[in-house]
Number of protein chains: 2
Amino acid sequence: MTKRTARAVASPNIALIKYWGNRDHNLRWPSNGSISLTLGGLETRTTVTFDETLPSDRLTFDGLTPPNSALLRVSEHLDRIRRIAGIHTPAHVESQNNFPAGVGIASSASAFAALTLAGTAAADLSLNPKELSRLARLGSGSACRSIFGGYVEWHAGETDADSYAEPLAPPEHWDLIDLIAVISREHKGVGSTQGHTLADTSPLQSARVADAPRRLNICRDALLHRDFPTLASIVEQDSNLMHAVMFTSTPALIYWSPATIEVIHAVTTWRAEGLDVCYTIDAGPNVHCLCRKQHADQVEERLGDLPGVIDLLRAHPGGPASVI
Amino acid sequence: MTKRTARAVASPNIALIKYWGNRDHNLRWPSNGSISLTLGGLETRTTVTFDETLPSDRLTFDGLTPPNSALLRVSEHLDRIRRIAGIHTPAHVESQNNFPAGVGIASSASAFAALTLAGTAAADLSLNPKELSRLARLGSGSACRSIFGGYVEWHAGETDADSYAEPLAPPEHWDLIDLIAVISREHKGVGSTQGHTLADTSPLQSARVADAPRRLNICRDALLHRDFPTLASIVEQDSNLMHAVMFTSTPALIYWSPATIEVIHAVTTWRAEGLDVCYTIDAGPNVHCLCRKQHADQVEERLGDLPGVIDLLRAHPGGPASVI
C-alpha cells in the first residue's frame, strides 16, 4: 500500500458514575467502574491515513497543528494499532470537534474513540466492540465508553484485560437531555490524565472507591427503571464524591468556578420546585444538567438566564462510534 | 438570694483542624480532635442574672427576643449549671455580639463560652478551666475551645469526660491575622448542630476521621514552629475534607456560594505569588483568610477588591473567655 484511509465519528459521554483514579496509570486500568450516557449531537470526526511517504505521524486538529504533547499521545495510540496490525507506516490524523475542547466535555473520550475506529479501519483490522473498547481505553480511559451509544457501563475488571465498556441500554431506552452549562472556554489547568495520578494522594479516594459498587448498583437500577429522583440523587452524590477527592488531593484540584456553584444551587432549587433535573460535573468548571425531556426547555431557559453561564450545549442519548 | 448576676466576654474561634461529626450527639462528643485560633477583636458579651422573681428563663440577644429554639438551648445549658450548683432559680440571659451571627463565624462558640463563664460565676461555682471547657462543650462543641485564648487543641477524648480543650500556645506566640471575607449575612439554612448529625451519612466521613491524627500532628507542629507554608497546606486540606463530607452527605450540604470559590481561587493564586495567606471555611459561605501579619494589609486590600466580598472582618489571636 501507499495510502490507506478511514474516517470515523464518535460522541463524548457524560459519566453518571465517575471514573477517577487508576489501578495502573499506564494501562488506564481504573480504580472503579463507571456508567455514562453517550452525548448525541456532540461529535468528533477523525480521519486516519496511513501514508508510507510521510516521515512521521502528523496531527491536525480543526485544521491547526496542536501542541506536540497531543501528537505524542496520538502516536502512542497509533503504535498500539500498528502493533496489532503488524505495520510500521506513519499516519496523518485529521480531527474536528463540533464542541469546545478541554473545558470538561470529555473531548479526549470522543477523540480516542474516533481515532480507535478510524485507525483500526484504516489498518484493515476487524476488532469486535469489546476489543475496540479496551483498545480505546488505553488511549483515554473514558473513550472506552464512547465506543457504545446510549447508556454504557465500564467494568473496572479483575484484570486489565477485563476492563472494557458494555452497553446497558440503547439510546431510545430513555430520552434524557443533557444541557451543558458552559462556564468558561478557557483550557483547564490540570488535564484529566495528570489529575488521575493525584487521586490516591487524597485521604478520601479509597473510601470513594470502596463505595463505588453501591453507587453503580443504584445508578444502573435507576436507569433501567427510568427512576429520575433516584438517578438524580446518586448522580449528584457521585459527582460530589469525585470533586471531594480532587479538592483534598495534594496539590488540591479545584475545577469549580463561582458560576459552577451558582448552577449547582440553581439546579438543586429547581428540582425542589418540581423540575426533573440534576447536575454532574467532570474535570472542568462546566455543569452538565441532566433532565427529563419534558422539562428540558424550561431548564434550558432558566440556565440561559444565569449570569455566569456563557453558553449552552444540548445533547441527547447518542449512538455508538462508527466508521463513516 | 433574690438576684445574683455575672458578666463574661468570649471570642469565637476559627478551627484550623475542624470538628465535624460526633460520637455522641447529645454529649457533643466529637468524632475527631480539632485545633483552633481564638479570634480577638470579635466578642460575645453575656450577662446572666439568676432571679427568683422570674417565672422562667428569659433570653435577649442584641436587645431582641430570639426564636424559642435559642431560648430552649440556653435553658438546657443553664440547667447543667443549676444542676452542678444545686439551684433551681430561673435566669435572665442578655447577650450581645459585635459581629454577625449565623453566617459561619462560629457565633455559638463564643455564645456558649460566655454563657458558661457568666452562668457559673453567677451561680457562685468555681470550676477550673478544663471543667469549664468540658461544660461549654455540652452547650456547643466548639465553645470548649473558646474558653482559652491563642492556639487551642480540643482532644476528642477516650471518653466523654476526657473531651475538652487545652491551650497549645498563647496569643503572643504567633501574630497571625484572620481576615474574614463576608460573603453573605443571610442566616444559613442548616445549622451546625443539625449538620453534625449528617456527617455519618457521607461515605467519606470515616476516612476523614481516621486521617485526623495525621492532620492534627502536622498542624500542631506547624503552629509550634511558626511554619506558615506547612500550616497553609494542612489548613486548606482539612477545610476541604470537611466540606467534602458535607457535599457528599444525604442530603448534601453545600455551604459554598459563588463568591466562596472566587475567594478560594484568589487566595491560592496570591499564595503562589508569594503572599503568606491560606483559606479555611466553616459551616457557611464566608472565607477565613489566615495570613502572616506582614502580609495582612495587602491581603485585606485585595480581598476588598473582589466583587463577591461584601464585608471584611479582621481578627488577631485573642485572649481567653473571662468574667468581667
# chains A, B, ... in the order shown; residues from 1 in each chain; ligands from 1
>>> select_by_dssp(residues="range 113-233 of chain A", states="strand (DSSP E)", output="PDB file with N, CA and C atoms, in the first residue's frame")
ATOM      1  N   TYR A 151     -26.743   4.241  27.060  1.00  0.00           N
ATOM      2  CA  TYR A 151     -26.291   4.134  28.442  1.00  0.00           C
ATOM      3  C   TYR A 151     -25.268   3.006  28.524  1.00  0.00           C
ATOM      4  N   VAL A 152     -24.129   3.293  29.114  1.00  0.00           N
ATOM      5  CA  VAL A 152     -22.965   2.416  28.986  1.00  0.00           C
ATOM      6  C   VAL A 152     -22.324   2.194  30.353  1.00  0.00           C
ATOM      7  N   GLU A 153     -21.891   0.962  30.614  1.00  0.00           N
ATOM      8  CA  GLU A 153     -21.138   0.701  31.847  1.00  0.00           C
ATOM      9  C   GLU A 153     -19.738   0.199  31.514  1.00  0.00           C
ATOM     10  N   TRP A 154     -18.775   0.795  32.168  1.00  0.00           N
ATOM     11  CA  TRP A 154     -17.368   0.368  32.046  1.00  0.00           C
ATOM     12  C   TRP A 154     -17.032  -0.439  33.292  1.00  0.00           C
ATOM     13  N   ALA A 165     -15.904  -1.412  28.297  1.00  0.00           N
ATOM     14  CA  ALA A 165     -17.285  -0.983  28.490  1.00  0.00           C
ATOM     15  C   ALA A 165     -18.245  -1.890  27.731  1.00  0.00           C
ATOM     16  N   GLU A 166     -19.510  -1.837  28.181  1.00  0.00           N
ATOM     17  CA  GLU A 166     -20.578  -2.573  27.500  1.00  0.00           C
ATOM     18  C   GLU A 166     -21.857  -1.731  27.566  1.00  0.00           C
ATOM     19  N   PRO A 167     -22.729  -1.910  26.577  1.00  0.00           N
ATOM     20  CA  PRO A 167     -23.977  -1.135  26.628  1.00  0.00           C
ATOM     21  C   PRO A 167     -24.880  -1.634  27.756  1.00  0.00           C
ATOM     22  N   LEU A 168     -25.493  -0.687  28.452  1.00  0.00           N
ATOM     23  CA  LEU A 168     -26.501  -1.020  29.474  1.00  0.00           C
ATOM     24  C   LEU A 168     -27.892  -0.948  28.870  1.00  0.00           C
ATOM     25  N   ALA A 169     -28.118   0.083  28.082  1.00  0.00           N
ATOM     26  CA  ALA A 169     -29.429   0.287  27.445  1.00  0.00           C
ATOM     27  C   ALA A 169     -29.218   1.177  26.222  1.00  0.00           C
ATOM     28  N   ILE A 177     -32.110  14.433  28.532  1.00  0.00           N
ATOM     29  CA  ILE A 177     -31.405  15.513  27.835  1.00  0.00           C
ATOM     30  C   ILE A 177     -30.282  16.009  28.743  1.00  0.00           C
ATOM     31  N   ASP A 178     -29.126  16.241  28.148  1.00  0.00           N
ATOM     32  CA  ASP A 178     -28.017  16.849  28.894  1.00  0.00           C
ATOM     33  C   ASP A 178     -27.851  18.271  28.404  1.00  0.00           C
ATOM     34  N   LEU A 179     -28.147  19.221  29.287  1.00  0.00           N
ATOM     35  CA  LEU A 179     -27.916  20.632  28.967  1.00  0.00           C
ATOM     36  C   LEU A 179     -26.599  21.021  29.632  1.00  0.00           C
ATOM     37  N   ILE A 180     -25.635  21.353  28.808  1.00  0.00           N
ATOM     38  CA  ILE A 180     -24.301  21.632  29.348  1.00  0.00           C
ATOM     39  C   ILE A 180     -24.140  23.135  29.493  1.00  0.00           C
ATOM     40  N   ALA A 181     -24.087  23.572  30.757  1.00  0.00           N
ATOM     41  CA  ALA A 181     -23.881  24.999  31.038  1.00  0.00           C
ATOM     42  C   ALA A 181     -22.393  25.271  30.923  1.00  0.00           C
ATOM     43  N   VAL A 182     -22.022  25.987  29.882  1.00  0.00           N
ATOM     44  CA  VAL A 182     -20.614  26.293  29.659  1.00  0.00           C
ATOM     45  C   VAL A 182     -20.260  27.541  30.467  1.00  0.00           C
TER      46      VAL A 182
END
>>> interface_residues(of="chain B", to="chain A", cutoff="10 Å", atoms="only C-alpha atoms", output="MDAnalysis selection string")
chainID B and resid 202:212 233:234 236:252 254:265 268 308
>>> closest_residue(among="B:Ala283, B:Ala15, B:Ile183, B:Leu275", to="Leu313 in chain B", atoms="only C-alpha atoms")
B:Ile183
>>> select_by_dssp(residues="range 76-296 of chain B", states="helix (DSSP H, G or I)", output="count of residues only")
115
>>> residues_around(residues="Thr280 in chain A", least_positions_apart="5", cutoff="8 Å", atoms="only C-alpha atoms", output="PyMOL selection string")
chain A and resi 16+235-236+239+287-290
>>> write_last_selection(atoms="N, CA, C and O atoms", output="PDB file, in the first residue's frame")
ATOM      1  N   LEU A  16     -22.141   9.330  34.659  1.00  0.00           N
ATOM      2  CA  LEU A  16     -23.149   9.463  35.717  1.00  0.00           C
ATOM      3  C   LEU A  16     -22.560   8.921  37.018  1.00  0.00           C
ATOM      4  O   LEU A  16     -22.827   9.424  38.105  1.00  0.00           O
ATOM      5  N   VAL A 235     -26.437  10.509  41.096  1.00  0.00           N
ATOM      6  CA  VAL A 235     -25.555  11.203  40.145  1.00  0.00           C
ATOM      7  C   VAL A 235     -24.891  12.410  40.822  1.00  0.00           C
ATOM      8  O   VAL A 235     -23.689  12.634  40.684  1.00  0.00           O
ATOM      9  N   GLU A 236     -25.685  13.161  41.577  1.00  0.00           N
ATOM     10  CA  GLU A 236     -25.103  14.333  42.254  1.00  0.00           C
ATOM     11  C   GLU A 236     -24.123  13.896  43.339  1.00  0.00           C
ATOM     12  O   GLU A 236     -23.044  14.468  43.486  1.00  0.00           O
ATOM     13  N   SER A 239     -20.869  12.748  41.685  1.00  0.00           N
ATOM     14  CA  SER A 239     -20.085  13.878  41.182  1.00  0.00           C
ATOM     15  C   SER A 239     -19.395  14.586  42.348  1.00  0.00           C
ATOM     16  O   SER A 239     -18.198  14.914  42.285  1.00  0.00           O
ATOM     17  N   VAL A 287     -21.141  22.674  33.954  1.00  0.00           N
ATOM     18  CA  VAL A 287     -22.091  21.832  34.672  1.00  0.00           C
ATOM     19  C   VAL A 287     -23.016  21.146  33.672  1.00  0.00           C
ATOM     20  O   VAL A 287     -23.680  21.810  32.871  1.00  0.00           O
ATOM     21  N   HIS A 288     -23.026  19.828  33.715  1.00  0.00           N
ATOM     22  CA  HIS A 288     -23.966  19.062  32.910  1.00  0.00           C
ATOM     23  C   HIS A 288     -25.271  18.965  33.687  1.00  0.00           C
ATOM     24  O   HIS A 288     -25.283  18.447  34.808  1.00  0.00           O
ATOM     25  N   CYS A 289     -26.342  19.482  33.103  1.00  0.00           N
ATOM     26  CA  CYS A 289     -27.646  19.451  33.765  1.00  0.00           C
ATOM     27  C   CYS A 289     -28.487  18.404  33.043  1.00  0.00           C
ATOM     28  O   CYS A 289     -28.985  18.632  31.941  1.00  0.00           O
ATOM     29  N   LEU A 290     -28.611  17.268  33.693  1.00  0.00           N
ATOM     30  CA  LEU A 290     -29.327  16.133  33.120  1.00  0.00           C
ATOM     31  C   LEU A 290     -30.794  16.291  33.459  1.00  0.00           C
ATOM     32  O   LEU A 290     -31.140  16.463  34.636  1.00  0.00           O
TER      33      LEU A 290
END
>>> residues_around(residues="Ser75 in chain A", least_positions_apart="2", cutoff="9 Å", atoms="only C-alpha atoms", output="ChimeraX atom specification")
/A:57-59,70-73,77-80,90-91
>>> residues_around(residues="Val93 in chain B", least_positions_apart="3", cutoff="7 Å", atoms="only C-alpha atoms", output="PDB file with N, CA, C and O atoms, in the first residue's frame")
ATOM      1  N   THR B  46     -21.994  38.507  77.565  1.00  0.00           N
ATOM      2  CA  THR B  46     -23.209  37.886  78.093  1.00  0.00           C
ATOM      3  C   THR B  46     -23.334  38.133  79.587  1.00  0.00           C
ATOM      4  O   THR B  46     -22.371  37.951  80.335  1.00  0.00           O
ATOM      5  N   THR B  47     -24.518  38.560  80.002  1.00  0.00           N
ATOM      6  CA  THR B  47     -24.827  38.728  81.421  1.00  0.00           C
ATOM      7  C   THR B  47     -25.858  37.686  81.821  1.00  0.00           C
ATOM      8  O   THR B  47     -26.861  37.513  81.129  1.00  0.00           O
ATOM      9  N   VAL B  48     -25.575  36.974  82.901  1.00  0.00           N
ATOM     10  CA  VAL B  48     -26.551  36.015  83.435  1.00  0.00           C
ATOM     11  C   VAL B  48     -26.991  36.514  84.811  1.00  0.00           C
ATOM     12  O   VAL B  48     -26.147  36.802  85.668  1.00  0.00           O
ATOM     13  N   THR B  49     -28.302  36.625  84.976  1.00  0.00           N
ATOM     14  CA  THR B  49     -28.860  37.053  86.254  1.00  0.00           C
ATOM     15  C   THR B  49     -29.850  36.001  86.745  1.00  0.00           C
ATOM     16  O   THR B  49     -30.911  35.816  86.139  1.00  0.00           O
ATOM     17  N   ARG B  58     -35.295  33.677  80.653  1.00  0.00           N
ATOM     18  CA  ARG B  58     -35.526  34.683  79.604  1.00  0.00           C
ATOM     19  C   ARG B  58     -34.229  34.915  78.864  1.00  0.00           C
ATOM     20  O   ARG B  58     -33.151  34.886  79.454  1.00  0.00           O
ATOM     21  N   LEU B  59     -34.334  35.177  77.549  1.00  0.00           N
ATOM     22  CA  LEU B  59     -33.142  35.433  76.743  1.00  0.00           C
ATOM     23  C   LEU B  59     -33.367  36.669  75.893  1.00  0.00           C
ATOM     24  O   LEU B  59     -34.396  36.792  75.216  1.00  0.00           O
ATOM     25  N   THR B  60     -32.445  37.582  75.948  1.00  0.00           N
ATOM     26  CA  THR B  60     -32.457  38.679  74.977  1.00  0.00           C
ATOM     27  C   THR B  60     -31.108  38.687  74.273  1.00  0.00           C
ATOM     28  O   THR B  60     -30.057  38.446  74.877  1.00  0.00           O
TER      29      THR B  60
END
>>> residues_around(residues="Gln96 in chain A", least_positions_apart="4", cutoff="9 Å", atoms="only C-alpha atoms", output="VMD selection string")
chain A and resid 43 to 46 60 to 63 111
>>> closest_residue(among="B:Val267, B:Ile310, B:Leu303, B:Ala321", to="Ser133 in chain B", atoms="only C-alpha atoms")
B:Ala321
>>> residues_around(residues="Ser192 in chain B", least_positions_apart="3", cutoff="9 Å", atoms="only C-alpha atoms", output="JSON, numbers by chain")
{"B": [20, 195, 196, 197, 283]}
>>> write_last_selection(atoms="all heavy atoms", output="CSV table (one decimal), in the first residue's frame")
chain,number,residue,atom,x,y,z
B,20,TRP,N,-16.2,18.0,62.9
B,20,TRP,CA,-17.4,17.7,62.1
B,20,TRP,C,-17.8,16.3,62.4
B,20,TRP,O,-17.1,15.3,62.1
B,20,TRP,CB,-17.2,18.0,60.6
B,20,TRP,CG,-18.5,18.0,59.9
B,20,TRP,CD1,-19.0,17.1,59.0
B,20,TRP,CD2,-19.5,19.0,60.0
B,20,TRP,NE1,-20.2,17.5,58.5
B,20,TRP,CE2,-20.6,18.6,59.1
B,20,TRP,CE3,-19.6,20.2,60.8
B,20,TRP,CZ2,-21.7,19.4,59.0
B,20,TRP,CZ3,-20.8,20.9,60.6
B,20,TRP,CH2,-21.8,20.6,59.8
B,195,GLY,N,-26.2,19.8,61.1
B,195,GLY,CA,-25.2,19.4,60.2
B,195,GLY,C,-24.3,18.2,60.7
B,195,GLY,O,-24.1,17.2,60.0
B,196,HIS,N,-23.9,18.4,62.0
B,196,HIS,CA,-23.1,17.3,62.6
B,196,HIS,C,-23.8,15.9,62.5
B,196,HIS,O,-23.1,14.9,62.4
B,196,HIS,CB,-22.8,17.6,64.0
B,196,HIS,CG,-21.7,18.7,64.2
B,196,HIS,ND1,-20.4,18.4,63.9
B,196,HIS,CD2,-21.8,19.9,64.6
B,196,HIS,CE1,-19.7,19.5,64.2
B,196,HIS,NE2,-20.5,20.4,64.6
B,197,THR,N,-25.1,15.9,62.6
B,197,THR,CA,-25.8,14.6,62.6
B,197,THR,C,-25.8,14.0,61.3
B,197,THR,O,-26.1,12.8,61.1
B,197,THR,CB,-27.3,14.8,63.1
B,197,THR,OG1,-28.0,15.6,62.1
B,197,THR,CG2,-27.4,15.5,64.4
B,283,ALA,N,-19.0,26.3,58.6
B,283,ALA,CA,-20.3,25.9,58.1
B,283,ALA,C,-21.1,27.1,57.6
B,283,ALA,O,-22.1,27.4,58.2
B,283,ALA,CB,-21.1,25.1,59.1
>>> closest_residue(among="B:His92, B:Lys293, B:Arg226, B:Arg271", to="Ser56 in chain B", atoms="only C-alpha atoms")
B:His92
